[in-house]
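What follows is final31.tsv (TSV, C-alpha atoms and all ligand atoms).
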```tsv
chain	number	residue	atom	x	y	z
D	1	MET	CA	9.10	31.69	23.78
D	2	GLU	CA	9.96	32.02	20.15
D	3	ILE	CA	13.27	33.66	19.35
D	4	SER	CA	13.77	36.00	16.42
D	5	GLN	CA	15.02	34.96	13.01
D	6	ARG	CA	18.07	37.14	13.67
D	7	ALA	CA	18.90	35.21	16.83
D	8	GLN	CA	18.28	31.86	15.17
D	9	ASN	CA	20.96	32.69	12.62
D	10	ILE	CA	23.69	33.04	15.24
D	11	SER	CA	25.80	29.92	15.74
D	12	ALA	CA	27.33	29.00	19.04
D	13	SER	CA	31.11	29.27	18.99
D	14	PRO	CA	32.49	26.07	17.42
D	15	THR	CA	35.40	26.23	19.84
D	16	LEU	CA	33.04	25.94	22.78
D	17	ALA	CA	32.59	22.18	22.68
D	18	ILE	CA	36.28	21.43	22.86
D	19	ASP	CA	36.81	24.16	25.46
D	20	ALA	CA	34.01	22.78	27.66
D	21	LYS	CA	35.47	19.31	27.34
D	22	ALA	CA	38.99	20.49	28.27
D	23	LYS	CA	37.62	22.30	31.32
D	24	GLN	CA	35.66	19.22	32.38
D	25	MET	CA	38.82	17.12	32.07
D	26	ILE	CA	40.74	19.60	34.23
D	27	ALA	CA	37.92	19.49	36.80
D	28	ASP	CA	38.23	15.70	36.76
D	29	GLY	CA	41.88	16.03	37.74
D	30	LYS	CA	43.42	15.36	34.28
D	31	LYS	CA	46.63	17.20	33.45
D	32	VAL	CA	45.46	19.04	30.35
D	33	ILE	CA	47.87	21.23	28.42
D	34	ASN	CA	45.75	24.04	27.04
D	35	PHE	CA	46.86	25.64	23.78
D	36	GLY	CA	43.42	27.19	23.32
D	37	ALA	CA	44.05	30.52	25.05
D	38	GLY	CA	42.97	33.62	23.17
D	39	GLU	CA	44.47	36.07	25.65
D	40	PRO	CA	47.95	36.88	26.99
D	41	ASP	CA	48.99	34.84	30.04
D	42	PHE	CA	50.52	37.94	31.68
D	43	ASP	CA	48.86	40.09	34.31
D	44	THR	CA	47.87	43.69	33.50
D	45	PRO	CA	50.92	45.90	34.24
D	46	GLU	CA	50.91	47.48	37.70
D	47	HIS	CA	50.87	51.16	36.64
D	48	ILE	CA	47.69	50.53	34.64
D	49	LYS	CA	45.92	48.97	37.61
D	50	LYS	CA	47.08	51.85	39.77
D	51	ALA	CA	45.62	54.43	37.40
D	52	ALA	CA	42.23	52.69	37.55
D	53	VAL	CA	42.31	52.48	41.35
D	54	GLU	CA	43.17	56.18	41.56
D	55	ALA	CA	40.36	57.08	39.19
D	56	LEU	CA	37.98	55.08	41.35
D	57	LYS	CA	39.16	56.86	44.50
D	58	GLU	CA	38.87	60.23	42.82
D	59	GLY	CA	35.24	59.61	42.03
D	60	ALA	CA	35.32	58.60	38.36
D	61	THR	CA	32.23	56.54	39.02
D	62	LYS	CA	29.66	58.25	36.82
D	63	TYR	CA	28.66	58.22	33.16
D	64	THR	CA	31.35	59.58	30.88
D	65	PRO	CA	30.81	60.99	27.39
D	66	VAL	CA	29.43	58.10	25.26
D	67	ALA	CA	32.46	57.88	22.95
D	68	GLY	CA	35.05	58.15	25.73
D	69	ILE	CA	36.71	60.66	28.07
D	70	PRO	CA	38.59	63.49	26.31
D	71	SER	CA	41.96	62.60	27.86
D	72	LEU	CA	41.77	59.01	26.59
D	73	LYS	CA	40.74	60.18	23.13
D	74	LYS	CA	43.67	62.57	23.15
D	75	ALA	CA	46.03	59.70	24.03
D	76	ILE	CA	44.53	57.59	21.21
D	77	ILE	CA	44.94	60.43	18.71
D	78	GLU	CA	48.59	60.81	19.69
D	79	LYS	CA	49.07	57.06	19.38
D	80	PHE	CA	47.65	57.07	15.85
D	81	SER	CA	49.88	59.95	14.91
D	82	MET	CA	53.08	58.49	16.38
D	83	ASP	CA	52.63	54.80	15.61
D	84	ASN	CA	50.69	54.87	12.37
D	85	GLY	CA	51.23	58.30	10.82
D	86	LEU	CA	47.47	58.87	10.93
D	87	ASP	CA	45.88	62.18	11.92
D	88	TYR	CA	42.39	62.16	13.41
D	89	GLU	CA	40.22	64.66	15.23
D	90	SER	CA	38.56	63.93	18.55
D	91	ASP	CA	35.11	63.35	17.08
D	92	GLN	CA	36.53	60.65	14.77
D	93	ILE	CA	37.42	58.45	17.75
D	94	VAL	CA	34.87	56.20	19.46
D	95	VAL	CA	35.92	54.22	22.53
D	96	SER	CA	33.82	51.08	23.10
D	97	CYS	CA	33.50	48.05	25.38
D	98	GLY	CA	36.29	46.03	23.77
D	99	ALA	CA	37.39	45.84	20.14
D	100	LYS	CA	34.69	43.24	19.60
D	101	HIS	CA	32.14	45.91	20.44
D	102	SER	CA	33.91	48.38	18.14
D	103	LEU	CA	33.61	45.83	15.32
D	104	TYR	CA	29.95	45.28	16.08
D	105	ASN	CA	29.26	49.03	15.91
D	106	ALA	CA	31.14	49.28	12.62
D	107	PHE	CA	29.32	46.38	10.92
D	108	MET	CA	25.94	47.66	12.15
D	109	ILE	CA	26.61	51.14	10.82
D	110	LEU	CA	28.13	50.18	7.49
D	111	CYS	CA	26.13	47.23	6.19
D	112	GLN	CA	22.59	46.25	5.53
D	113	GLN	CA	20.42	43.53	4.00
D	114	GLY	CA	21.68	42.49	0.59
D	115	ASP	CA	25.25	43.70	1.11
D	116	GLU	CA	28.13	41.30	0.69
D	117	VAL	CA	31.04	41.52	3.10
D	118	LEU	CA	34.36	39.99	2.09
D	119	LEU	CA	36.03	37.88	4.69
D	120	PRO	CA	39.49	36.44	3.98
D	121	ALA	CA	39.60	32.91	5.44
D	122	PRO	CA	40.80	31.60	7.85
D	123	TYR	CA	38.99	34.32	9.78
D	124	TRP	CA	38.18	35.21	13.36
D	125	VAL	CA	34.77	33.65	13.88
D	126	SER	CA	33.05	36.67	15.45
D	127	TYR	CA	33.39	38.54	12.13
D	128	LEU	CA	31.15	35.97	10.49
D	129	GLU	CA	28.45	36.21	13.14
D	130	GLN	CA	28.56	40.00	13.36
D	131	ILE	CA	28.21	40.34	9.59
D	132	LYS	CA	25.14	38.09	9.73
D	133	LEU	CA	23.74	40.06	12.68
D	134	ALA	CA	24.04	43.24	10.60
D	135	GLY	CA	21.85	41.51	7.99
D	136	ALA	CA	24.64	41.28	5.42
D	137	THR	CA	26.02	38.21	3.67
D	138	PRO	CA	29.54	37.06	4.53
D	139	VAL	CA	31.58	36.01	1.49
D	140	ALA	CA	34.68	34.07	2.46
D	141	ILE	CA	37.80	34.36	0.30
D	142	LYS	CA	39.91	31.28	0.87
D	143	THR	CA	43.56	32.24	1.20
D	144	ARG	CA	46.43	29.85	0.58
D	145	GLU	CA	49.00	28.56	3.01
D	146	GLU	CA	51.76	29.04	0.41
D	147	ASN	CA	50.80	32.74	0.26
D	148	GLY	CA	51.17	32.96	4.03
D	149	PHE	CA	47.36	32.94	4.33
D	150	LYS	CA	47.22	36.40	2.77
D	151	VAL	CA	44.63	37.37	0.18
D	152	THR	CA	46.09	38.42	-3.19
D	153	PRO	CA	44.77	41.32	-5.34
D	154	GLU	CA	43.61	38.76	-7.95
D	155	GLU	CA	41.66	36.72	-5.40
D	156	LEU	CA	40.16	39.94	-4.08
D	157	GLN	CA	39.14	41.22	-7.51
D	158	GLN	CA	37.46	37.91	-8.29
D	159	ALA	CA	35.37	38.00	-5.14
D	160	ILE	CA	34.00	41.50	-5.73
D	161	THR	CA	30.46	41.81	-7.11
D	162	SER	CA	28.05	44.73	-7.51
D	163	LYS	CA	26.80	43.89	-4.01
D	164	THR	CA	30.17	44.04	-2.26
D	165	ARG	CA	30.01	46.66	0.46
D	166	LEU	CA	33.16	46.15	2.50
D	167	ILE	CA	36.02	43.90	3.47
D	168	ILE	CA	37.29	43.03	6.92
D	169	LEU	CA	41.08	42.87	7.10
D	170	ASN	CA	43.01	41.63	10.15
D	171	SER	CA	46.78	42.18	10.18
D	172	PRO	CA	48.48	40.81	12.23
D	173	GLY	CA	45.88	38.08	11.95
D	174	ASN	CA	44.11	35.62	14.20
D	175	PRO	CA	44.40	32.62	13.74
D	176	THR	CA	47.24	32.57	11.20
D	177	GLY	CA	49.56	35.32	12.49
D	178	ALA	CA	49.78	36.72	8.94
D	179	VAL	CA	51.22	40.23	8.67
D	180	TYR	CA	50.68	42.18	5.44
D	181	THR	CA	53.52	44.32	4.12
D	182	ARG	CA	53.04	47.86	2.87
D	183	ASP	CA	53.27	46.72	-0.76
D	184	GLU	CA	50.72	43.97	-0.23
D	185	LEU	CA	48.31	46.42	1.39
D	186	SER	CA	48.84	48.96	-1.41
D	187	ALA	CA	47.96	46.36	-4.02
D	188	LEU	CA	44.78	45.42	-2.15
D	189	ALA	CA	43.85	49.06	-1.51
D	190	GLU	CA	44.09	49.82	-5.21
D	191	VAL	CA	41.49	47.15	-5.99
D	192	LEU	CA	39.27	48.20	-3.09
D	193	VAL	CA	39.26	51.92	-3.89
D	194	LYS	CA	38.67	51.26	-7.60
D	195	ASN	CA	35.62	49.16	-6.75
D	196	ASN	CA	34.29	51.44	-4.01
D	197	VAL	CA	34.65	48.79	-1.31
D	198	TYR	CA	34.93	50.02	2.30
D	199	ILE	CA	37.50	48.60	4.70
D	200	ILE	CA	37.30	47.60	8.33
D	201	SER	CA	40.88	47.09	9.51
D	202	ASP	CA	41.18	45.13	12.76
D	203	GLU	CA	44.62	46.02	14.13
D	204	ILE	CA	44.23	44.60	17.63
D	205	TYR	CA	47.55	42.69	17.33
D	206	GLU	CA	49.43	45.74	16.05
D	207	LYS	CA	52.08	45.63	18.76
D	208	LEU	CA	52.71	41.89	18.51
D	209	VAL	CA	54.97	41.56	15.46
D	210	TYR	CA	58.26	39.68	15.26
D	211	ASP	CA	61.57	39.53	13.41
D	212	GLY	CA	61.75	43.27	12.86
D	213	GLN	CA	58.61	43.40	10.77
D	214	GLU	CA	56.56	46.57	10.73
D	215	HIS	CA	52.86	46.88	11.30
D	216	ILE	CA	51.27	49.07	8.64
D	217	SER	CA	47.78	50.46	8.95
D	218	ILE	CA	46.08	50.32	5.55
D	219	ALA	CA	44.42	53.66	6.37
D	220	ALA	CA	47.85	55.30	6.40
D	221	LEU	CA	48.53	54.53	2.71
D	222	ASP	CA	46.81	57.69	1.45
D	223	THR	CA	43.80	59.91	2.20
D	224	GLN	CA	41.61	58.15	-0.34
D	225	VAL	CA	42.06	54.87	1.54
D	226	LYS	CA	41.76	56.57	4.92
D	227	ASP	CA	38.40	58.07	3.88
D	228	CYS	CA	36.91	54.62	3.31
D	229	THR	CA	38.48	52.81	6.28
D	230	VAL	CA	37.41	52.19	9.86
D	231	VAL	CA	40.44	51.29	11.97
D	232	ILE	CA	39.78	49.02	14.96
D	233	ASN	CA	42.17	48.66	17.87
D	234	GLY	CA	42.06	48.00	21.59
D	235	MET	CA	43.84	47.32	24.84
D	236	SER	CA	43.20	43.59	25.29
D	237	LYS	CA	46.13	41.99	23.52
D	238	SER	CA	48.95	44.56	23.83
D	239	TYR	CA	48.42	45.33	27.51
D	240	SER	CA	46.93	42.07	28.83
D	241	MET	CA	43.66	43.88	29.51
D	242	THR	CA	41.10	41.43	28.11
D	243	GLY	CA	38.84	41.73	31.15
D	244	TRP	CA	38.81	45.52	31.12
D	245	ARG	CA	36.84	45.75	27.88
D	246	ILE	CA	38.28	48.77	26.12
D	247	GLY	CA	38.51	48.98	22.34
D	248	TYR	CA	38.35	51.92	19.97
D	249	THR	CA	37.78	52.99	16.37
D	250	ALA	CA	39.00	55.78	14.14
D	251	ALA	CA	36.71	56.56	11.24
D	252	PRO	CA	35.43	59.30	8.93
D	253	HIS	CA	33.33	61.86	10.84
D	254	ASN	CA	29.88	60.66	9.78
D	255	VAL	CA	30.72	57.02	10.50
D	256	ALA	CA	32.13	57.83	13.94
D	257	ARG	CA	29.05	59.93	14.72
D	258	SER	CA	26.72	57.07	13.76
D	259	MET	CA	28.68	54.53	15.78
D	260	ALA	CA	28.54	56.82	18.82
D	261	ASN	CA	24.78	57.25	18.33
D	262	LEU	CA	24.29	53.49	18.17
D	263	GLN	CA	26.44	53.04	21.25
D	264	SER	CA	24.48	55.75	23.09
D	265	HIS	CA	21.41	53.52	22.89
D	266	SER	CA	23.06	50.20	23.65
D	267	THR	CA	25.94	50.30	26.17
D	268	SER	CA	26.51	54.06	26.63
D	269	ASN	CA	30.12	54.76	27.63
D	270	PRO	CA	32.66	52.00	28.30
D	271	THR	CA	33.47	51.65	32.01
D	272	SER	CA	34.81	54.89	33.48
D	273	ILE	CA	37.69	53.41	35.47
D	274	ALA	CA	38.71	51.07	32.65
D	275	GLN	CA	39.09	54.16	30.47
D	276	ALA	CA	41.48	55.62	33.03
D	277	GLY	CA	43.47	52.38	32.90
D	278	ALA	CA	43.51	52.50	29.10
D	279	ARG	CA	44.88	56.04	29.11
D	280	ALA	CA	47.69	54.95	31.44
D	281	ALA	CA	48.41	51.96	29.18
D	282	ILE	CA	48.81	54.11	26.07
D	283	THR	CA	50.71	57.01	27.66
D	284	GLY	CA	52.73	55.11	30.30
D	285	SER	CA	55.78	52.83	30.21
D	286	GLN	CA	55.84	50.34	27.34
D	287	ALA	CA	58.41	48.15	29.14
D	288	PRO	CA	55.89	45.46	30.19
D	289	LEU	CA	54.77	45.16	26.57
D	290	GLU	CA	58.37	44.82	25.41
D	291	ASN	CA	59.01	42.13	28.01
D	292	MET	CA	55.90	40.21	26.95
D	293	LEU	CA	56.89	40.49	23.31
D	294	GLU	CA	60.34	39.09	24.06
D	295	GLN	CA	58.84	36.07	25.76
D	296	PHE	CA	56.30	35.53	22.99
D	297	ALA	CA	59.13	35.70	20.44
D	298	GLU	CA	61.09	33.01	22.26
D	299	ARG	CA	58.07	30.70	22.59
D	300	ARG	CA	57.09	31.24	18.97
D	301	LYS	CA	60.54	30.27	17.76
D	302	TYR	CA	60.60	27.13	19.89
D	303	MET	CA	57.09	26.14	18.88
D	304	VAL	CA	57.55	26.61	15.13
D	305	GLU	CA	60.87	24.75	15.10
D	306	SER	CA	59.46	21.90	17.14
D	307	LEU	CA	56.32	21.57	14.99
D	308	LYS	CA	58.29	21.69	11.75
D	309	SER	CA	60.37	18.73	12.90
D	310	MET	CA	57.26	16.59	13.49
D	311	PRO	CA	56.28	14.01	10.86
D	312	GLY	CA	53.15	14.92	8.88
D	313	ILE	CA	52.91	18.48	10.14
D	314	SER	CA	53.80	21.63	8.21
D	315	CYS	CA	53.91	25.04	9.80
D	316	ASN	CA	54.27	28.59	8.47
D	317	ILE	CA	56.21	31.05	10.57
D	318	PRO	CA	53.57	33.49	11.77
D	319	GLY	CA	54.65	37.13	11.56
D	320	GLY	CA	52.56	38.35	14.46
D	321	ALA	CA	49.94	37.75	17.19
D	322	PHE	CA	50.46	34.75	19.53
D	323	TYR	CA	49.28	31.77	17.51
D	324	VAL	CA	50.69	29.19	15.16
D	325	PHE	CA	48.45	27.54	12.57
D	326	PRO	CA	50.00	24.22	11.48
D	327	ASN	CA	48.65	21.99	8.73
D	328	ILE	CA	47.86	18.27	9.14
D	329	LYS	CA	46.80	17.33	5.62
D	330	ASP	CA	49.58	14.72	5.41
D	331	LEU	CA	48.03	12.94	8.39
D	332	ILE	CA	44.63	12.49	6.77
D	333	GLY	CA	43.80	8.79	6.57
D	334	LYS	CA	46.11	7.85	9.43
D	335	SER	CA	44.61	6.33	12.54
D	336	PHE	CA	45.13	5.62	16.18
D	337	ASN	CA	43.20	2.89	18.05
D	338	ASP	CA	40.75	2.62	15.14
D	339	LYS	CA	40.09	6.36	15.15
D	340	THR	CA	40.84	7.68	11.68
D	341	ILE	CA	41.86	11.28	11.08
D	342	GLN	CA	39.74	12.84	8.34
D	343	ASN	CA	40.31	16.49	9.15
D	344	ALA	CA	41.80	18.81	11.74
D	345	SER	CA	38.76	18.48	13.99
D	346	ASP	CA	39.39	14.73	14.26
D	347	PHE	CA	43.02	15.47	15.03
D	348	ALA	CA	42.06	17.96	17.76
D	349	SER	CA	39.64	15.48	19.35
D	350	LEU	CA	42.27	12.75	19.24
D	351	ALA	CA	44.84	15.03	20.87
D	352	LEU	CA	42.45	15.96	23.65
D	353	ASP	CA	41.28	12.39	24.30
D	354	GLU	CA	44.60	10.58	24.01
D	355	ILE	CA	47.25	13.02	25.23
D	356	GLN	CA	45.15	15.68	26.99
D	357	VAL	CA	46.34	18.47	24.70
D	358	ALA	CA	43.68	21.09	23.89
D	359	MET	CA	43.88	23.01	20.60
D	360	VAL	CA	41.37	24.85	18.43
D	361	PRO	CA	40.52	23.04	15.19
D	362	GLY	CA	40.69	25.25	12.11
D	363	ILE	CA	37.03	24.69	11.30
D	364	ALA	CA	36.35	27.36	13.93
D	365	PHE	CA	38.00	29.77	11.48
D	366	GLY	CA	36.56	28.34	8.26
D	367	GLU	CA	39.50	26.01	7.49
D	368	ASN	CA	39.56	22.28	8.14
D	369	GLU	CA	43.16	21.18	7.52
D	370	CYS	CA	44.85	23.27	10.19
D	371	PHE	CA	44.69	23.76	13.91
D	372	ARG	CA	45.51	26.73	16.10
D	373	LEU	CA	47.94	26.58	19.00
D	374	SER	CA	48.32	29.61	21.20
D	375	TYR	CA	51.69	30.33	22.77
D	376	ALA	CA	50.13	32.59	25.37
D	377	THR	CA	51.04	29.92	27.90
D	378	SER	CA	54.22	29.09	29.82
D	379	MET	CA	57.32	27.67	28.16
D	380	ASN	CA	57.04	24.61	30.44
D	381	SER	CA	53.54	23.88	29.20
D	382	ILE	CA	54.62	24.42	25.61
D	383	GLU	CA	57.49	21.94	25.97
D	384	GLU	CA	55.32	19.34	27.66
D	385	GLY	CA	52.44	19.77	25.20
D	386	LEU	CA	54.68	19.47	22.15
D	387	ASN	CA	56.44	16.41	23.59
D	388	ARG	CA	53.07	14.74	24.00
D	389	LEU	CA	52.11	15.70	20.46
D	390	ARG	CA	55.32	14.19	19.08
D	391	ARG	CA	54.67	10.93	20.93
D	392	LEU	CA	51.13	10.78	19.57
D	393	LEU	CA	52.38	11.31	16.01
D	394	ASP	CA	54.86	8.48	16.46
D	395	LYS	CA	52.01	6.14	17.28
D	396	LEU	CA	49.79	6.98	14.30
D	397	GLN	CA	49.40	4.22	11.75
O	401	LIG	C1	40.86	39.27	20.72
O	401	LIG	C2	40.42	39.80	19.39
O	401	LIG	C3	39.55	40.91	19.28
O	401	LIG	C4	38.77	41.52	20.40
O	401	LIG	O1	39.35	41.90	21.50
O	401	LIG	P1	38.56	42.66	22.64
O	401	LIG	O2	38.91	41.91	23.88
O	401	LIG	O3	37.10	42.64	22.36
O	401	LIG	O4	39.10	44.04	22.62
O	401	LIG	C5	39.27	41.41	18.03
O	401	LIG	N1	39.79	40.85	16.93
O	401	LIG	C6	40.60	39.79	16.99
O	401	LIG	C7	41.11	39.23	15.72
O	401	LIG	C8	40.93	39.21	18.21
O	401	LIG	O5	41.70	38.11	18.24
```
Is it possible to express this structure as structure tokens?
Amino acid sequence: MEISQRAQNISASPTLAIDAKAKQMIADGKKVINFGAGEPDFDTPEHIKKAAVEALKEGATKYTPVAGIPSLKKAIIEKFSMDNGLDYESDQIVVSCGAKHSLYNAFMILCQQGDEVLLPAPYWVSYLEQIKLAGATPVAIKTREENGFKVTPEELQQAITSKTRLIILNSPGNPTGAVYTRDELSALAEVLVKNNVYIISDEIYEKLVYDGQEHISIAALDTQVKDCTVVINGMSKSYSMTGWRIGYTAAPHNVARSMANLQSHSTSNPTSIAQAGARAAITGSQAPLENMLEQFAERRKYMVESLKSMPGISCNIPGGAFYVFPNIKDLIGKSFNDKTIQNASDFASLALDEIQVAMVPGIAFGENECFRLSYATSMNSIEEGLNRLRRLLDKLQ
């Protein structure tokens, strides 16, 4: 069978090869330390599971409204109001099968052939593929490590052309952990509004910020910005609910209506009982989240300090999410057993082969000098993995 041009344009995830290899090594009995995780290592809190079980027992086993059950939408609206200072009406909220699905709906509704979509790099790789799927052209804006991997208003202005349709922003960001301040967002919003560029704001890591920083939703800056922004959020990262598949958007009425229409012909509603769990997550106790955040904060501190003390590695302190994104450019040209490091992918392969430490090379995010380590893994594993890394660095020539 011949597959469509659209399908031919999709690339397999570049992280897959290293992930498959790590899994094979584990199956072969090797003691791999895996820093590749893209999900919290905590279980879903008990009261959330209970709410889903109750919903199941009470017969919530049928189709729900396409864009979500009213009580969940109400909880989401209250969340936006309390956490972000944003007021939405019920028909502006669309609940989908994970934030990834929310993003897909948004790109499909907002862009078309010939449009350019701005993508600050390093970026989450699904953005790139979803933009291509929507027929638009991704335009990466390379951000700089010394700017905390945040795009500046000047860099943004330079990337805008007459074809620019929208920008995808992700704060707190994956893979860099970058968190934009209110002033930084204001400066970007000014450029975007002036040039009529729409915004998709992926705020999935909203709750995972450290050192007393504040998450700001760009949509909350003023109504002009709000009217050209689709906010994306979801349950996966804050509530350890990756398998439940619940994400949501808040958008101007016509955009929300179109996304719901699209969804009505693809997935219909997200799973009924998962929606009940999501409602409990938003309205119930936030203590499990606070506990998780405390542990992430401790691991992050240990990891950054340890990495910074390693020869040849530099590391920004990430403001949010659960990743660090260290740089290895000072190791380029060094070698181990005749294997020379030319980029971060070489370094990641070397780490996996020689010390059984799995990491995601930056090339997966459009950046080839850095690698991503997730601290969504136990402190014991972190200590062991970093010790191995230090020993490897000592042996490089
Ligand atoms: C994990 C992640 C998502 C998607 O999460 P879902 O599980 O689909 O809700 C979206 N954006 C970023 C940046 C992520 O890291």
Listing only residues of chain D within 6 Å of ligand LIG 401 (chain O), what is the closest atom pair and its distance in Å (to one decimal) for each, using only C-alpha atoms and all ligand atoms, sorted by chain and residue number ascending, as a tab-separated table?
```
residue	atom	partner	partner_atom	distance
D:Gly98	CA	O:LIG401	O4	3.6
D:Ala99	CA	O:LIG401	O4	3.5
D:Lys100	CA	O:LIG401	O3	3.7
D:Trp124	CA	O:LIG401	C7	5.5
D:Asn174	CA	O:LIG401	C7	4.9
D:Ile204	CA	O:LIG401	N1	5.9
D:Gly234	CA	O:LIG401	O4	5.1
D:Ser236	CA	O:LIG401	O2	4.8
D:Thr242	CA	O:LIG401	O2	4.8
D:Arg245	CA	O:LIG401	O2	5.9
D:Ile246	CA	O:LIG401	O4	5.9
D:Gly247	CA	O:LIG401	O4	5.0
```
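As for CA of Asp227 in chain D and CA of Ser90 in chain D, they are spaced 15.8 Å apart.
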Given all atoms listed in the file as the counted atoms, nearest of D:Ile77, D:Pro153, D:His101, D:Gln8 to Thr267 in chain D: D:His101
Residues within 8 Å of Ala281 in chain D, only C-alpha atoms, excluding chain neighbours under 5 positions, as a ChimeraX atom specification: /D:47-48,235,239,286
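Here CA of Val179 in chain D stands at a distance of 13.6 Å from CA of Tyr123 in chain D.
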Spatial neighbours of Leu86 in chain D, max dist 7 Å, all atoms listed in the file, sep filter under 3 positions, as a PyMOL selection string: chain D and resi 80-81+220
Among the residues D:Leu392, D:Leu56, D:Ala7, D:Ile109, the one that comes closest to Ser335 in chain D [using only C-alpha atoms]: D:Leu392
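Of the listed residues (D:Val197, D:Leu396, D:Ala159, D:Ile3), D:Val197 comes nearest to Val225 in chain D; the distances count only C-alpha atoms.
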Distance query Lys329 in chain D at most 8 Å, all atoms listed in the file, self and fewer than 3 positions along chain excluded, as number ranges by chain: D: 312-313, 332, 343, 369-370
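Distances to Tyr198 in chain D were evaluated for D:Ala106, D:Ala297, D:Ile282, D:Leu133 using all atoms listed in the file, and the minimum falls at D:Ala106.
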Residues near Leu188 in chain D, cut-off 9 Å, only C-alpha atoms, skip fewer than 6 positions along chain, as an MDAnalysis selection string: chainID D and resid 151:154 156:157
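In terms of minimum interatomic distance to Ser201 in chain D, D:Thr229 ranks closest within D:Thr229, D:Thr340, D:Ser102, D:Asn261, counting only C-alpha atoms.
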Residue neighbourhood Leu118 in chain D, 8 Å, only C-alpha atoms, exclusion window fewer than 3 positions, as a ChimeraX atom specification: /D:138-141,159-160,164,166-168
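For the set D:Lys150, D:Arg300, D:Lys49, D:Lys62, the residue with the smallest atom-to-atom gap to Ser272 in chain D is D:Lys62, counting all atoms listed in the file.
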